[in-house]
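Participant: Take a look at coords28.txt, compact mmCIF, C-alpha atoms and all ligand atoms:
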# COMPACT_ATOMS: atom_id res chain seq x y z
CA MET F 1 118.07 104.95 73.34
CA ILE F 2 118.38 104.56 69.62
CA ALA F 3 121.39 106.66 68.78
CA ALA F 4 124.26 108.57 70.26
CA GLU F 5 125.43 111.44 68.08
CA THR F 6 128.75 109.71 67.55
CA GLY F 7 127.22 106.74 65.75
CA LEU F 8 125.11 108.50 63.16
CA ALA F 9 126.93 107.02 60.16
CA GLN F 10 126.24 103.60 61.62
CA ASN F 11 122.57 104.42 62.08
CA VAL F 12 122.36 105.54 58.46
CA GLU F 13 123.96 102.26 57.38
CA GLN F 14 121.47 100.28 59.46
CA VAL F 15 118.50 102.12 57.99
CA LEU F 16 119.85 101.62 54.45
CA ALA F 17 120.32 97.92 55.16
CA ARG F 18 116.73 97.63 56.39
CA MET F 19 115.56 99.49 53.29
CA ARG F 20 117.47 97.07 51.05
CA GLN F 21 115.95 94.08 52.84
CA ALA F 22 112.45 95.51 52.58
CA ALA F 23 112.99 96.22 48.87
CA SER F 24 114.27 92.72 48.28
CA ARG F 25 111.28 91.16 50.09
CA ALA F 26 108.99 93.24 47.87
CA GLY F 27 110.86 92.26 44.71
CA ARG F 28 111.92 95.88 44.19
CA ARG F 29 115.27 97.48 43.41
CA ALA F 30 116.88 99.27 46.37
CA GLU F 31 118.06 102.07 44.03
CA ASP F 32 114.45 103.00 43.40
CA ILE F 33 113.92 104.05 47.03
CA GLN F 34 115.44 107.24 48.39
CA LEU F 35 116.26 107.92 52.03
CA LEU F 36 115.32 111.35 53.37
CA ALA F 37 116.91 112.00 56.78
CA VAL F 38 114.41 114.14 58.71
CA SER F 39 116.52 116.55 60.74
CA LYS F 40 113.85 118.61 62.51
CA THR F 41 115.06 119.63 66.00
CA VAL F 42 118.45 118.09 65.17
CA THR F 43 121.68 120.06 65.71
CA VAL F 44 123.87 121.28 62.86
CA PRO F 45 126.84 119.04 63.80
CA ALA F 46 124.58 115.99 63.65
CA MET F 47 123.30 117.07 60.25
CA LEU F 48 126.86 117.56 58.98
CA GLU F 49 127.68 114.05 60.21
CA VAL F 50 124.96 112.40 58.15
CA ILE F 51 125.84 114.52 55.10
CA GLN F 52 129.40 113.16 55.48
CA ALA F 53 127.93 109.68 55.80
CA GLY F 54 126.50 110.06 52.31
CA VAL F 55 122.84 110.88 52.90
CA LYS F 56 121.58 112.68 49.79
CA ALA F 57 118.55 114.47 51.23
CA LEU F 58 117.70 116.16 54.53
CA GLY F 59 114.17 117.16 55.55
CA GLU F 60 112.70 119.79 57.87
CA ASN F 61 109.18 120.44 59.01
CA ARG F 62 109.53 124.14 59.82
CA VAL F 63 110.69 126.91 57.50
CA GLN F 64 112.00 128.99 60.37
CA GLU F 65 114.24 126.22 61.67
CA ALA F 66 115.54 125.46 58.19
CA ARG F 67 116.32 129.13 57.60
CA ALA F 68 118.34 129.27 60.82
CA LYS F 69 120.37 126.18 59.97
CA TRP F 70 120.89 126.77 56.26
CA PRO F 71 123.88 129.18 56.42
CA GLN F 72 125.72 126.62 58.58
CA ILE F 73 125.11 123.65 56.29
CA GLU F 74 124.96 125.26 52.85
CA THR F 75 128.57 124.65 51.83
CA GLN F 76 128.55 120.99 52.84
CA MET F 77 125.11 120.42 51.31
CA ARG F 78 126.28 121.80 47.97
CA TRP F 79 129.61 120.01 48.08
CA HIS F 80 127.95 116.63 48.66
CA GLY F 81 125.00 117.28 46.37
CA CYS F 82 122.59 116.88 49.27
CA GLU F 83 119.03 118.15 48.78
CA TYR F 84 116.94 120.05 51.34
CA HIS F 85 113.25 119.08 51.59
CA LEU F 86 110.29 120.55 53.46
CA VAL F 87 108.10 117.74 54.82
CA GLY F 88 105.85 119.76 57.15
CA HIS F 89 102.78 121.89 56.57
CA LEU F 90 103.53 125.18 54.81
CA GLN F 91 101.67 128.43 55.47
CA THR F 92 101.15 130.66 52.45
CA ASN F 93 102.98 133.54 54.12
CA LYS F 94 106.13 131.39 54.26
CA ALA F 95 105.96 130.29 50.63
CA LYS F 96 108.57 132.75 49.42
CA GLU F 97 111.12 131.58 51.94
CA ALA F 98 110.30 127.94 51.30
CA VAL F 99 110.92 128.44 47.59
CA ASN F 100 114.30 129.98 48.38
CA LEU F 101 115.34 127.15 50.71
CA PHE F 102 113.94 123.86 49.49
CA ASP F 103 114.56 121.58 46.52
CA LEU F 104 111.32 119.68 47.14
CA ILE F 105 108.17 120.70 49.02
CA HIS F 106 106.31 117.55 50.15
CA ALA F 107 103.13 118.96 51.66
CA LEU F 108 101.29 120.93 49.02
CA ASP F 109 97.73 120.69 50.34
CA SER F 110 95.61 123.52 48.94
CA GLU F 111 94.97 125.36 45.70
CA ARG F 112 95.73 128.62 47.44
CA LEU F 113 99.16 127.37 48.49
CA ALA F 114 99.83 126.07 44.98
CA ARG F 115 99.06 129.50 43.55
CA GLU F 116 101.28 131.20 46.10
CA ILE F 117 104.26 128.87 45.60
CA ASN F 118 103.93 129.19 41.83
CA GLN F 119 103.93 132.98 42.10
CA ARG F 120 106.98 133.02 44.37
CA ALA F 121 108.82 130.52 42.19
CA TRP F 122 108.10 132.64 39.12
CA GLU F 123 109.51 135.71 40.91
CA SER F 124 112.66 133.76 41.77
CA GLY F 125 113.01 132.34 38.28
CA LYS F 126 112.72 128.83 39.70
CA ILE F 127 110.77 125.72 38.83
CA GLN F 128 109.70 124.45 42.25
CA ARG F 129 109.42 120.68 42.66
CA VAL F 130 106.38 119.69 44.74
CA LEU F 131 104.40 116.71 46.02
CA ILE F 132 100.71 116.81 46.89
CA GLU F 133 99.97 115.68 50.46
CA VAL F 134 96.97 113.37 50.73
CA ASN F 135 95.03 112.65 53.92
CA THR F 136 94.78 108.89 53.39
CA SER F 137 93.43 108.07 56.85
CA SER F 138 90.59 110.64 57.13
CA GLU F 139 91.95 111.81 60.47
CA LEU F 140 90.59 115.24 61.28
CA THR F 141 93.89 116.36 62.73
CA LYS F 142 95.68 115.69 59.49
CA PHE F 143 96.72 118.03 56.74
CA GLY F 144 96.45 116.97 53.13
CA VAL F 145 93.83 116.94 50.41
CA GLU F 146 91.07 114.37 50.65
CA PRO F 147 91.43 111.34 48.36
CA GLU F 148 88.39 112.45 46.32
CA GLU F 149 90.09 115.79 45.64
CA VAL F 150 93.41 114.40 44.41
CA LYS F 151 92.64 114.35 40.68
CA LYS F 152 91.38 117.91 40.72
CA MET F 153 94.38 119.08 42.71
CA ILE F 154 96.74 117.36 40.27
CA SER F 155 95.27 119.25 37.33
CA VAL F 156 95.42 122.54 39.24
CA VAL F 157 99.09 122.03 40.07
CA GLN F 158 99.99 120.87 36.57
CA ALA F 159 98.55 124.05 35.09
CA TYR F 160 101.11 126.19 36.94
CA LYS F 161 104.23 126.73 34.86
CA ASN F 162 106.59 127.24 37.79
CA LEU F 163 105.56 124.09 39.66
CA ARG F 164 106.82 120.64 38.79
CA LEU F 165 104.59 117.99 40.30
CA GLU F 166 106.62 114.85 41.04
CA GLY F 167 104.18 112.75 43.04
CA LEU F 168 102.19 112.25 46.23
CA MET F 169 102.97 112.22 49.93
CA THR F 170 101.15 110.93 52.99
CA VAL F 171 101.62 110.52 56.73
CA GLY F 172 100.38 107.22 58.14
CA PRO F 173 97.55 107.20 60.70
CA LEU F 174 98.32 107.86 64.37
CA THR F 175 96.41 104.76 65.41
CA GLY F 176 95.88 101.38 63.82
CA GLY F 177 99.46 100.17 63.96
CA LEU F 178 101.29 98.73 60.98
CA GLU F 179 98.10 97.39 59.41
CA GLY F 180 96.54 100.87 59.49
CA ALA F 181 99.71 102.28 57.97
CA ARG F 182 99.67 99.64 55.25
CA GLN F 183 96.13 100.56 54.25
CA ALA F 184 96.99 104.25 54.09
CA PHE F 185 100.09 103.62 51.98
CA ARG F 186 98.23 101.28 49.65
CA ARG F 187 95.57 103.94 49.25
CA LEU F 188 98.19 106.48 48.21
CA ARG F 189 99.64 104.14 45.61
CA GLU F 190 96.18 103.38 44.24
CA LEU F 191 95.39 107.08 44.00
CA ARG F 192 98.66 107.59 42.11
CA ASP F 193 97.84 104.73 39.75
CA GLU F 194 94.33 106.06 39.11
CA ALA F 195 95.66 109.57 38.52
CA GLY F 196 98.16 108.74 35.81
CA GLY F 197 100.61 106.23 37.24
CA GLN F 198 104.34 106.17 37.70
CA GLN F 199 105.19 108.00 34.50
CA LEU F 200 103.30 111.10 35.54
CA LEU F 201 103.84 110.86 39.31
CA PRO F 202 107.07 108.96 39.97
CA THR F 203 107.47 109.86 43.66
CA LEU F 204 105.53 108.28 46.53
CA SER F 205 106.76 109.85 49.79
CA MET F 206 105.53 107.62 52.61
CA GLY F 207 106.89 105.78 55.64
CA MET F 208 108.73 107.01 58.74
CA THR F 209 110.80 105.28 61.45
CA GLN F 210 107.88 103.14 62.66
CA ASP F 211 106.60 102.01 59.31
CA PHE F 212 109.08 102.59 56.47
CA GLU F 213 109.44 98.90 55.70
CA VAL F 214 105.67 98.58 55.26
CA ALA F 215 105.77 101.67 53.06
CA ILE F 216 108.44 100.09 50.86
CA ALA F 217 106.33 96.96 50.54
CA GLU F 218 103.48 99.20 49.34
CA GLY F 219 105.54 101.10 46.78
CA ALA F 220 107.26 104.03 48.54
CA THR F 221 110.00 105.64 46.45
CA LEU F 222 111.07 107.98 49.26
CA VAL F 223 110.99 107.24 53.00
CA ARG F 224 111.25 110.01 55.61
CA VAL F 225 113.27 108.77 58.57
CA GLY F 226 114.18 110.85 61.64
CA THR F 227 114.31 108.91 64.89
CA ALA F 228 116.06 105.79 63.57
CA ILE F 229 118.93 108.01 62.37
CA PHE F 230 119.19 110.83 64.91
CA GLY F 231 117.65 109.23 68.00
CA GLU F 232 114.58 110.29 69.97
CA ARG F 233 113.75 113.96 69.60
CA MET F 234 113.87 116.17 72.72
C1 LIG F 301 109.05 114.01 61.89
C2 LIG F 301 108.58 113.57 60.58
C3 LIG F 301 109.10 112.40 59.98
C4 LIG F 301 110.13 111.50 60.65
O1 LIG F 301 109.57 110.85 61.76
P1 LIG F 301 110.35 109.71 62.57
O2 LIG F 301 109.25 108.95 63.22
O3 LIG F 301 111.24 110.41 63.52
O4 LIG F 301 111.10 108.90 61.60
C5 LIG F 301 108.62 112.06 58.73
N1 LIG F 301 107.69 112.79 58.08
C6 LIG F 301 107.18 113.92 58.62
C7 LIG F 301 106.16 114.68 57.86
C8 LIG F 301 107.60 114.33 59.88
O5 LIG F 301 107.07 115.44 60.41
Just give me the structure of the file as structure tokens.
Facilitator:
Amino acid sequence: MIAAETGLAQNVEQVLARMRQAASRAGRRAEDIQLLAVSKTVTVPAMLEVIQAGVKALGENRVQEARAKWPQIETQMRWHGCEYHLVGHLQTNKAKEAVNLFDLIHALDSERLAREINQRAWESGKIQRVLIEVNTSSELTKFGVEPEEVKKMISVVQAYKNLRLEGLMTVGPLTGGLEGARQAFRRLRELRDEAGGQQLLPTLSMGMTQDFEVAIAEGATLVRVGTAIFGERM
């Protein structure tokens, strides 16, 4: 058992300490790497606890779940300046709601979705921050644009006035262990460098509980951690 709900602040501290160590080993500054606490399936009291503990971003993978929780966390989120991110796949018919709920959408993976989010953001008078999800491990089960399509997708997204492209996101492979993860993360960073570099695409969202230290070694600027903070999901 990784965590009891009473020790969430301690879990956050432990993850931050591991992030600092990984940054230091990589010769990077800890301030350049953001922690996103992935709260999918997690109860509202547990989320409030990590907001209190100082976490500055929470992430969900389902719009419906986020919508249900939002009214109960909104005040605390705003008070603490905590962002809400969508890390999971987004269906075009949920784009409007996603635009209303989320500060950053991590998994933009098709031109059609880009067009839909842009349209909804325009209607809401919002500039929606987005990342493009890349399938770095060529797993058929994975979402994300293929590496060869990244440059094209970047120019599509950049042409939309109500989208602000901040970087790239990937999920490590299901198999292949830490070495497989390292290759996928390195691939994402290389794609970013080829497509315009840090200036244009400052955010690299990669690394989860199993592999966030490897991701930091490979250049992650945002790690998405659920289990190490909240414990095993039901
Ligand atoms: C669930 C999830 C995470 C967090 O996974 P853990 O292994 O619990 O840290 C990160 N990213 C995405 C896209 C997820 O769906």
Participant: Which chains and residue numbers are within 10 Å of ligand LIG 301 (chain F), counting only C-alpha atoms and all ligand atoms, if I want them as a PyMOL selection string?
Facilitator: chain F and resi 36-41+59-62+86-89+106-107+133+169-172+205-212+223-233
Participant: In terms of the shortest atom-to-atom distance over all atoms listed in the file, which of F:Glu111, F:Glu13, F:Glu179, F:Asp32 is closest to Leu204 (chain F)?
Facilitator: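 For Leu204 (chain F), the nearest of the given residues is F:Asp32.
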Participant: Let me make sure I understand: among F:Arg192, F:Lys152, F:Arg187, F:Lys69, which one has the smallest atom-to-atom distance to Ser137 (chain F) if we use all atoms listed in the file?
Facilitator: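 For Ser137 (chain F), the nearest of the candidates is F:Arg187.
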Participant: Which of these residues is nearest to Pro147 (chain F), using all atoms listed in the file: F:Leu113, F:Ala68, F:Leu188, F:Leu131?
Facilitator: F:Leu188
Participant: So the first atom is CA of Thr43 (chain F) and the second is CA of Tyr84 (chain F); what is the distance between them in Å, to one decimal place?
Facilitator: 15.1 Å
Participant: For a test of reading the model, state the distance in Å between CA of Arg67 (chain F) and CA of Val157 (chain F), rounded to one decimal.
Facilitator: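 Value for the CA of Arg67 (chain F)-CA of Val157 (chain F) distance: 25.6 Å.
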Participant: From the options F:Leu48, F:Leu200, F:Ala121, F:Ala195, which residue's atoms come nearest to Lys161 (chain F), counting all atoms listed in the file?
Facilitator: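 Smallest distance to Lys161 (chain F) is found for F:Ala121.
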Participant: Find the spatial neighbours of Gln158 (chain F), counting only C-alpha atoms, within a cut-off of 12 Å - ignore same-chain residues fewer than 6 positions away - and output them as a count of residues only.
Facilitator: 17
Participant: Report, in Å with one decimal, the straight-line distance from CA of Thr175 (chain F) to CA of Gly219 (chain F).
Facilitator: 21.1 Å
Participant: Give the centre and edge lengths of an axis-aligned box, in Å to one decimal, that holds all listed atoms of region 54-65 of chain F with 4 Å on each side, as AutoDock Vina command-line options.
Facilitator:
--center_x 117.8 --center_y 119.5 --center_z 55.7 --size_x 25.3 --size_y 26.9 --size_z 19.9
